[in-house]
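**Student:** Supplied structure: data23.csv, CSV, C-alpha atoms.
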chain,number,residue,atom,x,y,z
X,1291,MET,CA,127.8,126.6,127.6
X,1292,LYS,CA,124.9,127.7,129.7
X,1293,ALA,CA,124.0,125.6,132.8
X,1294,ALA,CA,122.0,125.5,136.0
X,1295,VAL,CA,124.5,125.3,138.9
X,1296,LEU,CA,123.7,124.2,142.4
X,1297,LYS,CA,126.4,125.9,144.5
X,1298,SER,CA,125.2,125.0,148.0
X,1299,PHE,CA,122.3,123.0,149.5
X,1300,GLY,CA,119.4,125.3,150.2
X,1301,SER,CA,120.3,127.8,147.5
X,1302,ALA,CA,118.6,128.5,144.2
X,1303,LEU,CA,120.1,127.3,141.0
X,1304,ALA,CA,122.4,129.8,139.4
X,1305,ILE,CA,122.0,130.1,135.6
X,1306,GLU,CA,125.4,130.9,134.2
X,1307,ASP,CA,128.1,130.1,131.7
X,1308,VAL,CA,130.4,127.3,132.6
X,1309,PRO,CA,133.2,125.6,130.6
X,1310,ALA,CA,131.9,123.1,128.1
X,1311,PRO,CA,132.9,119.5,128.7
X,1312,ARG,CA,136.1,118.1,127.0
X,1313,ILE,CA,135.9,114.7,125.5
X,1314,GLY,CA,138.3,111.8,126.4
X,1315,THR,CA,138.6,108.2,125.3
X,1316,GLY,CA,135.6,106.2,126.4
X,1317,GLU,CA,133.4,109.3,126.6
X,1318,VAL,CA,130.7,111.0,124.6
X,1319,ILE,CA,129.4,114.6,124.6
X,1320,VAL,CA,125.6,115.0,124.1
X,1321,ASP,CA,123.6,118.1,123.3
X,1322,VAL,CA,120.8,118.0,125.9
X,1323,MET,CA,117.4,118.4,124.3
X,1324,ALA,CA,115.2,117.4,127.3
X,1325,ALA,CA,116.1,116.7,130.9
X,1326,PRO,CA,113.5,115.5,133.5
X,1327,VAL,CA,113.0,117.4,136.7
X,1328,LEU,CA,111.8,114.9,139.4
X,1329,SER,CA,109.1,115.8,141.8
X,1330,TYR,CA,111.5,115.6,144.8
X,1331,THR,CA,114.2,117.7,143.2
X,1332,ASP,CA,113.6,120.4,145.7
X,1333,GLU,CA,114.3,117.9,148.5
X,1334,VAL,CA,117.6,117.0,147.0
X,1335,PHE,CA,118.6,120.6,146.5
X,1336,SER,CA,117.6,121.6,150.0
X,1337,GLY,CA,119.7,118.8,151.5
X,1338,ALA,CA,116.6,117.1,153.0
X,1339,ARG,CA,117.2,113.9,151.1
X,1340,LYS,CA,120.9,113.8,152.3
X,1341,TYR,CA,122.1,112.6,148.9
X,1342,LEU,CA,125.8,112.3,148.4
X,1343,LEU,CA,126.5,115.1,145.9
X,1344,GLU,CA,129.6,117.3,146.0
X,1345,LEU,CA,129.0,120.9,145.2
X,1346,PRO,CA,129.1,123.1,143.2
X,1347,ALA,CA,127.7,120.9,140.5
X,1348,VAL,CA,125.3,121.0,137.5
X,1349,PRO,CA,122.6,118.6,138.6
X,1350,GLY,CA,120.3,116.5,136.5
X,1351,PRO,CA,120.0,112.7,136.2
X,1352,GLY,CA,120.0,111.8,132.5
X,1353,GLY,CA,117.7,112.9,129.7
X,1354,ILE,CA,117.3,112.9,125.9
X,1355,GLY,CA,119.7,114.5,123.5
X,1356,ARG,CA,121.7,114.3,120.3
X,1357,VAL,CA,125.3,113.1,120.0
X,1358,ARG,CA,127.7,116.1,119.6
X,1359,ALA,CA,131.1,114.2,119.7
X,1360,THR,CA,132.3,110.7,120.3
X,1361,GLY,CA,135.6,109.4,121.5
X,1362,PRO,CA,138.0,107.3,119.3
X,1363,ASP,CA,136.7,104.0,120.7
X,1364,ALA,CA,133.0,104.5,119.7
X,1365,THR,CA,132.1,102.4,116.7
X,1366,HIS,CA,128.4,102.7,116.4
X,1367,LEU,CA,127.4,106.1,117.7
X,1368,ALA,CA,127.4,108.9,115.2
X,1369,VAL,CA,127.1,112.7,115.5
X,1370,GLY,CA,123.4,113.7,115.4
X,1371,ASP,CA,122.1,110.4,116.8
X,1372,TRP,CA,119.1,110.7,119.1
X,1373,VAL,CA,120.0,109.1,122.4
X,1374,PHE,CA,119.0,108.4,126.0
X,1375,CYS,CA,121.5,109.6,128.5
X,1376,ASP,CA,121.5,106.8,131.1
X,1377,PRO,CA,122.3,108.4,134.4
X,1378,THR,CA,123.6,105.2,136.2
X,1379,PHE,CA,127.4,105.4,135.8
X,1380,ARG,CA,129.3,102.3,136.9
X,1381,SER,CA,133.0,101.9,137.5
X,1382,ARG,CA,134.7,99.9,134.7
X,1383,ASP,CA,137.5,98.3,136.8
X,1384,ASP,CA,135.3,95.8,138.7
X,1385,SER,CA,132.5,94.2,136.7
X,1386,ILE,CA,131.4,92.1,139.7
X,1387,SER,CA,130.9,94.8,142.2
X,1388,PRO,CA,131.1,98.2,140.4
X,1389,ASP,CA,130.8,101.5,142.2
X,1390,ILE,CA,127.8,103.6,141.1
X,1391,THR,CA,127.0,107.2,140.8
X,1392,LEU,CA,123.8,108.7,139.5
X,1393,GLN,CA,124.8,111.5,137.1
X,1394,GLY,CA,124.4,115.0,138.8
X,1395,TRP,CA,122.3,113.5,141.6
X,1396,SER,CA,123.8,111.0,144.1
X,1397,ALA,CA,126.8,108.8,144.6
X,1398,ARG,CA,127.1,105.5,146.5
X,1399,GLY,CA,130.1,105.5,148.8
X,1400,GLU,CA,133.6,106.8,148.2
X,1401,GLY,CA,134.0,104.9,144.9
X,1402,GLY,CA,130.8,106.5,143.6
X,1403,LEU,CA,132.1,109.9,144.7
X,1404,LYS,CA,135.3,109.3,142.7
X,1405,LEU,CA,133.2,108.7,139.6
X,1406,GLN,CA,131.1,111.8,140.4
X,1407,ARG,CA,134.2,114.0,140.6
X,1408,HIS,CA,135.2,113.1,137.0
X,1409,PHE,CA,131.7,113.1,135.5
X,1410,ARG,CA,131.0,116.3,137.4
X,1411,HIS,CA,127.9,117.7,135.7
X,1412,GLY,CA,124.5,116.4,134.9
X,1413,SER,CA,121.9,117.3,132.3
X,1414,PHE,CA,120.6,120.7,133.5
X,1415,ALA,CA,123.0,122.2,130.9
X,1416,GLU,CA,123.3,122.6,127.1
X,1417,GLN,CA,125.8,119.8,127.0
X,1418,THR,CA,126.7,116.8,129.1
X,1419,LEU,CA,129.6,114.3,129.2
X,1420,LEU,CA,128.9,110.6,129.7
X,1421,PRO,CA,130.7,107.3,129.5
X,1422,THR,CA,130.3,105.8,126.1
X,1423,GLU,CA,128.3,102.9,127.4
X,1424,ASN,CA,125.7,105.2,129.0
X,1425,VAL,CA,124.7,106.8,125.6
X,1426,LYS,CA,121.9,104.6,124.2
X,1427,ARG,CA,120.5,105.2,120.7
X,1428,ILE,CA,116.7,105.4,120.6
X,1429,GLY,CA,116.3,105.9,116.9
X,1430,ALA,CA,115.0,108.9,115.0
X,1431,ILE,CA,112.4,111.0,116.7
X,1432,ASP,CA,110.9,114.4,116.1
X,1433,ALA,CA,112.6,117.1,118.2
X,1434,ALA,CA,109.2,118.1,119.6
X,1435,ASP,CA,108.8,114.6,121.1
X,1436,ALA,CA,112.1,114.7,123.0
X,1437,PRO,CA,110.4,115.8,126.3
X,1438,ALA,CA,107.9,112.9,126.1
X,1439,TRP,CA,110.8,110.5,125.7
X,1440,CYS,CA,112.0,111.6,129.2
X,1441,ALA,CA,109.4,109.0,130.4
X,1442,LEU,CA,112.3,106.6,129.9
X,1443,ASN,CA,113.7,107.9,133.2
X,1444,ALA,CA,110.6,106.9,135.1
X,1445,CYS,CA,109.9,103.7,133.3
X,1446,LEU,CA,113.4,102.2,133.4
X,1447,VAL,CA,113.4,102.2,137.2
X,1448,PRO,CA,110.6,99.6,137.6
X,1449,TYR,CA,111.7,97.9,134.5
X,1450,GLY,CA,115.0,97.2,136.1
X,1451,GLY,CA,113.2,95.7,139.1
X,1452,PHE,CA,111.0,93.5,136.9
X,1453,LEU,CA,114.0,92.3,134.9
X,1454,ALA,CA,115.8,91.4,138.2
X,1455,ALA,CA,112.8,89.3,139.3
X,1456,ARG,CA,112.2,87.9,135.9
X,1457,LEU,CA,108.6,88.9,135.5
X,1458,GLN,CA,106.9,86.5,133.1
X,1459,PRO,CA,103.8,87.1,130.9
X,1460,GLY,CA,100.7,86.0,132.6
X,1461,GLU,CA,101.9,86.6,136.1
X,1462,THR,CA,100.1,88.7,138.8
X,1463,VAL,CA,102.1,91.7,140.1
X,1464,LEU,CA,101.5,93.9,143.1
X,1465,VAL,CA,103.0,97.4,142.9
X,1466,SER,CA,103.5,99.0,146.3
X,1467,GLY,CA,103.3,102.7,145.7
X,1468,ALA,CA,101.2,102.5,142.6
X,1469,THR,CA,99.8,106.0,142.9
X,1470,GLY,CA,103.3,107.7,142.9
X,1471,HIS,CA,105.4,108.8,139.9
X,1472,PHE,CA,107.5,105.7,139.7
X,1473,GLY,CA,104.8,103.4,140.9
X,1474,SER,CA,102.3,104.4,138.3
X,1475,ALA,CA,105.0,103.9,135.7
X,1476,ALA,CA,105.5,100.5,137.1
X,1477,VAL,CA,101.9,99.6,136.5
X,1478,ALA,CA,102.2,100.6,132.8
X,1479,VAL,CA,105.5,98.7,132.5
X,1480,ALA,CA,104.2,95.5,134.1
X,1481,LEU,CA,101.2,95.5,131.7
X,1482,ALA,CA,103.4,96.2,128.7
X,1483,MET,CA,105.6,93.2,129.7
X,1484,GLY,CA,102.5,91.0,129.7
X,1485,ALA,CA,101.4,90.8,133.4
X,1486,ALA,CA,97.9,89.4,133.5
X,1487,CYS,CA,97.0,91.6,136.5
X,1488,VAL,CA,98.5,94.4,138.5
X,1489,VAL,CA,97.2,94.9,142.1
X,1490,ALA,CA,97.5,98.6,142.9
X,1491,PRO,CA,97.2,99.5,146.5
X,1492,GLY,CA,97.0,103.2,147.7
X,1493,ARG,CA,95.1,105.7,149.8
X,1494,ASN,CA,94.1,108.1,147.0
X,1495,GLU,CA,90.8,106.8,145.6
X,1496,LYS,CA,90.9,109.2,142.7
X,1497,MET,CA,94.3,108.2,141.5
X,1498,LEU,CA,93.4,104.5,141.9
X,1499,ALA,CA,90.3,105.1,139.7
X,1500,ASP,CA,92.5,106.8,137.1
X,1501,LEU,CA,94.8,103.8,136.8
X,1502,VAL,CA,91.7,101.6,136.1
X,1503,ARG,CA,90.4,104.2,133.6
X,1504,ARG,CA,93.8,104.1,131.8
X,1505,PHE,CA,94.5,100.4,131.8
X,1506,GLY,CA,91.2,98.7,132.3
X,1507,PRO,CA,90.3,95.6,134.4
X,1508,ARG,CA,93.8,94.2,134.4
X,1509,VAL,CA,94.4,96.8,137.2
X,1510,ARG,CA,92.9,95.8,140.5
X,1511,PRO,CA,92.8,98.8,142.9
X,1512,VAL,CA,93.0,98.4,146.7
X,1513,GLU,CA,92.2,101.3,149.0
X,1514,LEU,CA,94.5,101.0,152.1
X,1515,SER,CA,93.1,101.3,155.6
X,1516,GLY,CA,96.3,101.6,157.5
X,1517,ASN,CA,95.9,98.3,159.3
X,1518,GLU,CA,98.7,95.9,158.2
X,1519,GLU,CA,96.9,92.6,158.4
X,1520,ASP,CA,93.7,94.0,157.0
X,1521,ASP,CA,95.4,95.6,154.1
X,1522,ARG,CA,97.3,92.5,153.3
X,1523,GLN,CA,94.1,90.5,153.1
X,1524,ARG,CA,92.5,93.1,150.8
X,1525,MET,CA,95.5,92.9,148.4
X,1526,ARG,CA,95.3,89.1,148.2
X,1527,GLN,CA,91.5,89.2,147.7
X,1528,ALA,CA,91.8,91.8,144.9
X,1529,ALA,CA,94.1,89.5,142.9
X,1530,PRO,CA,92.6,86.9,140.6
X,1531,GLY,CA,95.0,84.3,142.1
X,1532,PRO,CA,98.3,84.1,144.0
X,1533,ILE,CA,100.5,87.2,143.8
X,1534,ASP,CA,103.7,86.1,142.0
X,1535,LEU,CA,105.8,89.3,142.4
X,1536,VAL,CA,105.7,92.4,144.6
X,1537,LEU,CA,107.6,95.5,143.6
X,1538,ASP,CA,108.0,98.2,146.3
X,1539,LEU,CA,108.6,101.8,145.3
X,1540,MET,CA,107.4,103.5,148.4
X,1541,PRO,CA,109.2,106.8,149.3
X,1542,PRO,CA,111.1,107.5,152.5
X,1543,SER,CA,108.1,109.1,154.3
X,1544,VAL,CA,106.1,105.8,154.3
X,1545,THR,CA,105.9,103.6,157.4
X,1546,THR,CA,107.5,100.2,157.4
X,1547,THR,CA,104.2,98.6,158.2
X,1548,THR,CA,102.7,99.8,155.0
X,1549,VAL,CA,105.6,98.3,153.0
X,1550,ARG,CA,105.5,95.0,155.0
X,1551,ALA,CA,101.7,94.7,154.3
X,1552,ALA,CA,102.4,94.6,150.6
X,1553,VAL,CA,105.6,92.6,150.7
X,1554,MET,CA,104.1,89.7,152.7
X,1555,ALA,CA,101.1,89.4,150.4
X,1556,VAL,CA,103.3,87.5,147.9
X,1557,ARG,CA,102.7,83.8,147.4
X,1558,PRO,CA,105.0,81.0,148.7
X,1559,TYR,CA,107.9,80.8,146.3
X,1560,GLY,CA,107.2,84.3,145.2
X,1561,ARG,CA,109.6,87.2,144.5
X,1562,VAL,CA,109.9,90.6,146.2
X,1563,VAL,CA,111.8,93.6,144.7
X,1564,LEU,CA,112.8,96.4,147.0
X,1565,MET,CA,113.5,99.7,145.1
X,1566,GLY,CA,111.9,102.3,147.4
X,1567,GLY,CA,113.3,104.7,150.0
X,1568,VAL,CA,112.0,103.4,153.4
X,1569,GLY,CA,114.7,103.9,156.0
X,1570,MET,CA,116.9,106.1,153.8
X,1571,LEU,CA,116.3,109.1,156.1
X,1572,GLY,CA,116.7,107.2,159.4
X,1573,GLY,CA,114.1,105.5,161.5
X,1574,ALA,CA,113.2,101.9,161.7
X,1575,GLY,CA,114.3,99.5,159.0
X,1576,LEU,CA,112.1,97.0,157.3
X,1577,ASP,CA,111.5,94.0,159.6
X,1578,LEU,CA,110.6,90.8,157.8
X,1579,PRO,CA,110.1,87.5,159.7
X,1580,TYR,CA,113.0,85.1,159.1
X,1581,PRO,CA,110.8,82.0,159.3
X,1582,TRP,CA,108.4,83.4,156.7
X,1583,ILE,CA,111.2,84.1,154.3
X,1584,MET,CA,112.8,80.7,154.8
X,1585,ARG,CA,109.7,78.4,155.0
X,1586,GLN,CA,107.8,80.2,152.2
X,1587,CYS,CA,111.0,80.2,150.1
X,1588,ILE,CA,110.7,83.9,149.3
X,1589,THR,CA,113.3,85.5,147.0
X,1590,ILE,CA,114.1,89.1,147.8
X,1591,HIS,CA,115.9,91.3,145.3
X,1592,GLY,CA,117.4,94.6,146.2
X,1593,VAL,CA,117.6,96.7,143.0
X,1594,TRP,CA,119.0,100.2,142.4
X,1595,MET,CA,118.1,101.6,138.9
X,1596,CYS,CA,118.4,99.2,136.0
X,1597,PRO,CA,121.0,97.1,134.1
X,1598,PRO,CA,122.9,98.7,131.2
X,1599,GLU,CA,121.0,96.8,128.6
X,1600,ALA,CA,117.5,97.7,129.9
X,1601,THR,CA,117.1,100.8,127.7
X,1602,PHE,CA,117.0,98.8,124.5
X,1603,GLY,CA,114.2,96.6,125.8
X,1604,MET,CA,112.2,99.6,127.0
X,1605,VAL,CA,112.7,101.4,123.7
X,1606,ASN,CA,111.4,98.2,121.9
X,1607,LEU,CA,108.3,98.2,124.1
X,1608,ILE,CA,107.6,101.9,123.2
X,1609,ARG,CA,108.3,101.3,119.5
X,1610,ALA,CA,105.9,98.3,119.5
X,1611,GLY,CA,103.2,100.4,121.0
X,1612,LEU,CA,103.0,98.3,124.2
X,1613,LEU,CA,104.0,101.4,126.3
X,1614,GLN,CA,102.3,104.6,125.3
X,1615,LEU,CA,104.3,107.8,125.8
X,1616,ASP,CA,101.2,109.9,125.3
X,1617,GLN,CA,100.0,108.6,128.7
X,1618,PHE,CA,102.4,111.3,130.2
X,1619,GLU,CA,101.4,114.9,130.7
X,1620,VAL,CA,104.5,117.0,130.1
X,1621,THR,CA,105.2,120.6,131.1
X,1622,THR,CA,108.4,122.1,129.7
X,1623,PHE,CA,110.7,125.0,130.9
X,1624,ASP,CA,113.7,126.5,129.2
X,1625,LEU,CA,117.0,126.5,131.1
X,1626,ASP,CA,116.7,130.1,132.2
X,1627,HIS,CA,113.6,129.1,134.2
X,1628,ALA,CA,115.1,126.0,135.9
X,1629,ASN,CA,114.1,127.2,139.3
X,1630,ASP,CA,110.5,127.6,138.2
X,1631,ALA,CA,110.7,124.0,136.9
X,1632,VAL,CA,111.9,122.7,140.3
X,1633,ALA,CA,109.0,124.5,142.0
X,1634,HIS,CA,106.5,123.2,139.4
X,1635,ALA,CA,107.7,119.7,139.7
X,1636,ALA,CA,107.3,119.8,143.5
X,1637,ALA,CA,103.7,121.1,143.2
X,1638,ASN,CA,102.7,118.9,140.3
X,1639,GLY,CA,104.1,115.4,140.9
X,1640,GLY,CA,102.1,112.2,140.8
X,1641,PRO,CA,101.1,109.7,138.2
X,1642,PHE,CA,102.0,110.3,134.5
X,1643,ARG,CA,103.1,113.9,135.1
X,1644,MET,CA,106.5,115.1,134.0
X,1645,THR,CA,108.3,118.4,134.3
X,1646,VAL,CA,111.1,118.7,131.8
X,1647,LEU,CA,113.9,121.2,131.0
X,1648,THR,CA,114.7,121.9,127.4
X,1649,PRO,CA,118.3,123.4,127.6
X,1650,ASN,CA,118.7,123.8,123.8
X,1651,SER,CA,115.2,125.2,123.0
As structure tokens, what does this structure read like?

**Tutor:**
Amino acid sequence: MKAAVLKSFGSALAIEDVPAPRIGTGEVIVDVMAAPVLSYTDEVFSGARKYLLELPAVPGPGGIGRVRATGPDATHLAVGDWVFCDPTFRSRDDSISPDITLQGWSARGEGGLKLQRHFRHGSFAEQTLLPTENVKRIGAIDAADAPAWCALNACLVPYGGFLAARLQPGETVLVSGATGHFGSAAVAVALAMGAACVVAPGRNEKMLADLVRRFGPRVRPVELSGNEEDDRQRMRQAAPGPIDLVLDLMPPSVTTTTVRAAVMAVRPYGRVVLMGGVGMLGGAGLDLPYPWIMRQCITIHGVWMCPPEATFGMVNLIRAGLLQLDQFEVTTFDLDHANDAVAHAAANGGPFRMTVLTPNS
């Protein structure tokens, strides 16, 4: 099969033929129809993100495709089914504390690396091999709509955070990082789940205005000043009432004071979800006051990606019309132009924009 291969950090992708995957028990082979190219893909490939990825490898975290072959233990999947390839692979021999690897992207620790060495290649290829439980049926779609369904990758991240914190209809949510790719998706997901209001802080006035244009008065924008206490007060004042839940999706480049301003805007007995990248590239960690956490009875959730069952809930939100895929502007590239796709993604990131590879176009 044809694939885009990353042979060393800092090098361009090599488009070449590699051996097609061979199926085993507990595995499924999928023909990849659409694979998202994240805006920071160039940072992963250069090594700047310091992700744990053994090379050479076919990169690519998940995507949309059709089942090509199933193992003998698959009882519901059928050849030809349209599916989402969930990139969060978990070890099966410890359900309490499973090791995790993100397909073709990043491993967590030595156990994650062991998973990565077996499920070696990601979705920047004509075919990909996944654990059976990571192949999620999405129902019949038009082939032309496969790139738009890659929005699942962006939306499932905040959805996992909201599920962990048990977001309830009618609650007020603050999304820290609302003008970014995952943060803007979080705004859409929170509203689809029934949030009464989403407080959206940011520095880009144009992007904040666009969120209000898209979703109306349930979005309350807050332009950040850079002063921690002042920004916290602005966030609280923008909300129609106490802030029930804060979801942080800030990237590694953001200061800890910016994150703390949002986190500590939550009400007493509120919940905080940390899913961003602050501290991942070194530097100061997030310093939160012990007395504030204890006396305000704050619940803090650390969440990486989403639980296995999340895809089905997200698909239901899309099928019900509560989350609109046409919000996303999609630019596609064929596999031969994978390096162009990486460059395009870096230059055209931001809210509701996706760059997508179509390996079987």

**Student:** From the set X:Met1554, X:Val1479, X:Leu1501, X:Val1425, which residue has the shortest atom-to-atom contact distance to X:Glu1599, counting only C-alpha atoms?

**Tutor:**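 With only C-alpha atoms as the atom set, the closest residue is X:Val1425.
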
**Student:** Report as a VMD selection string all protein, DNA and RNA residues lying within 8 Å of X:Ala1444, evaluated on all atoms listed in the file, omitting residues in the same chain fewer than 2 positions from it.

**Tutor:** chain X and resid 1440 to 1442 1446 to 1448 1471 to 1472 1475

**Student:** Hey, which of X:Thr1331, X:Thr1462, X:Asn1494, X:Gln1527 ends up closest to X:Val1509? Count only C-alpha atoms.

**Tutor:** X:Thr1462

**Student:** For X:Ser1515, which residue among X:Val1536, X:Asn1443, X:Arg1398, X:Thr1548 is the nearest when counting all atoms listed in the file?

**Tutor:**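 Among the listed residues, the smallest separation from X:Ser1515 belongs to X:Thr1548.
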
**Student:** May I ask which of the residues X:Ile1583, X:Ala1529, X:Leu1578, X:Val1544 is the closest one to X:Gly1560, counting all atoms listed in the file?

**Tutor:**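 Closest candidate: X:Ile1583.
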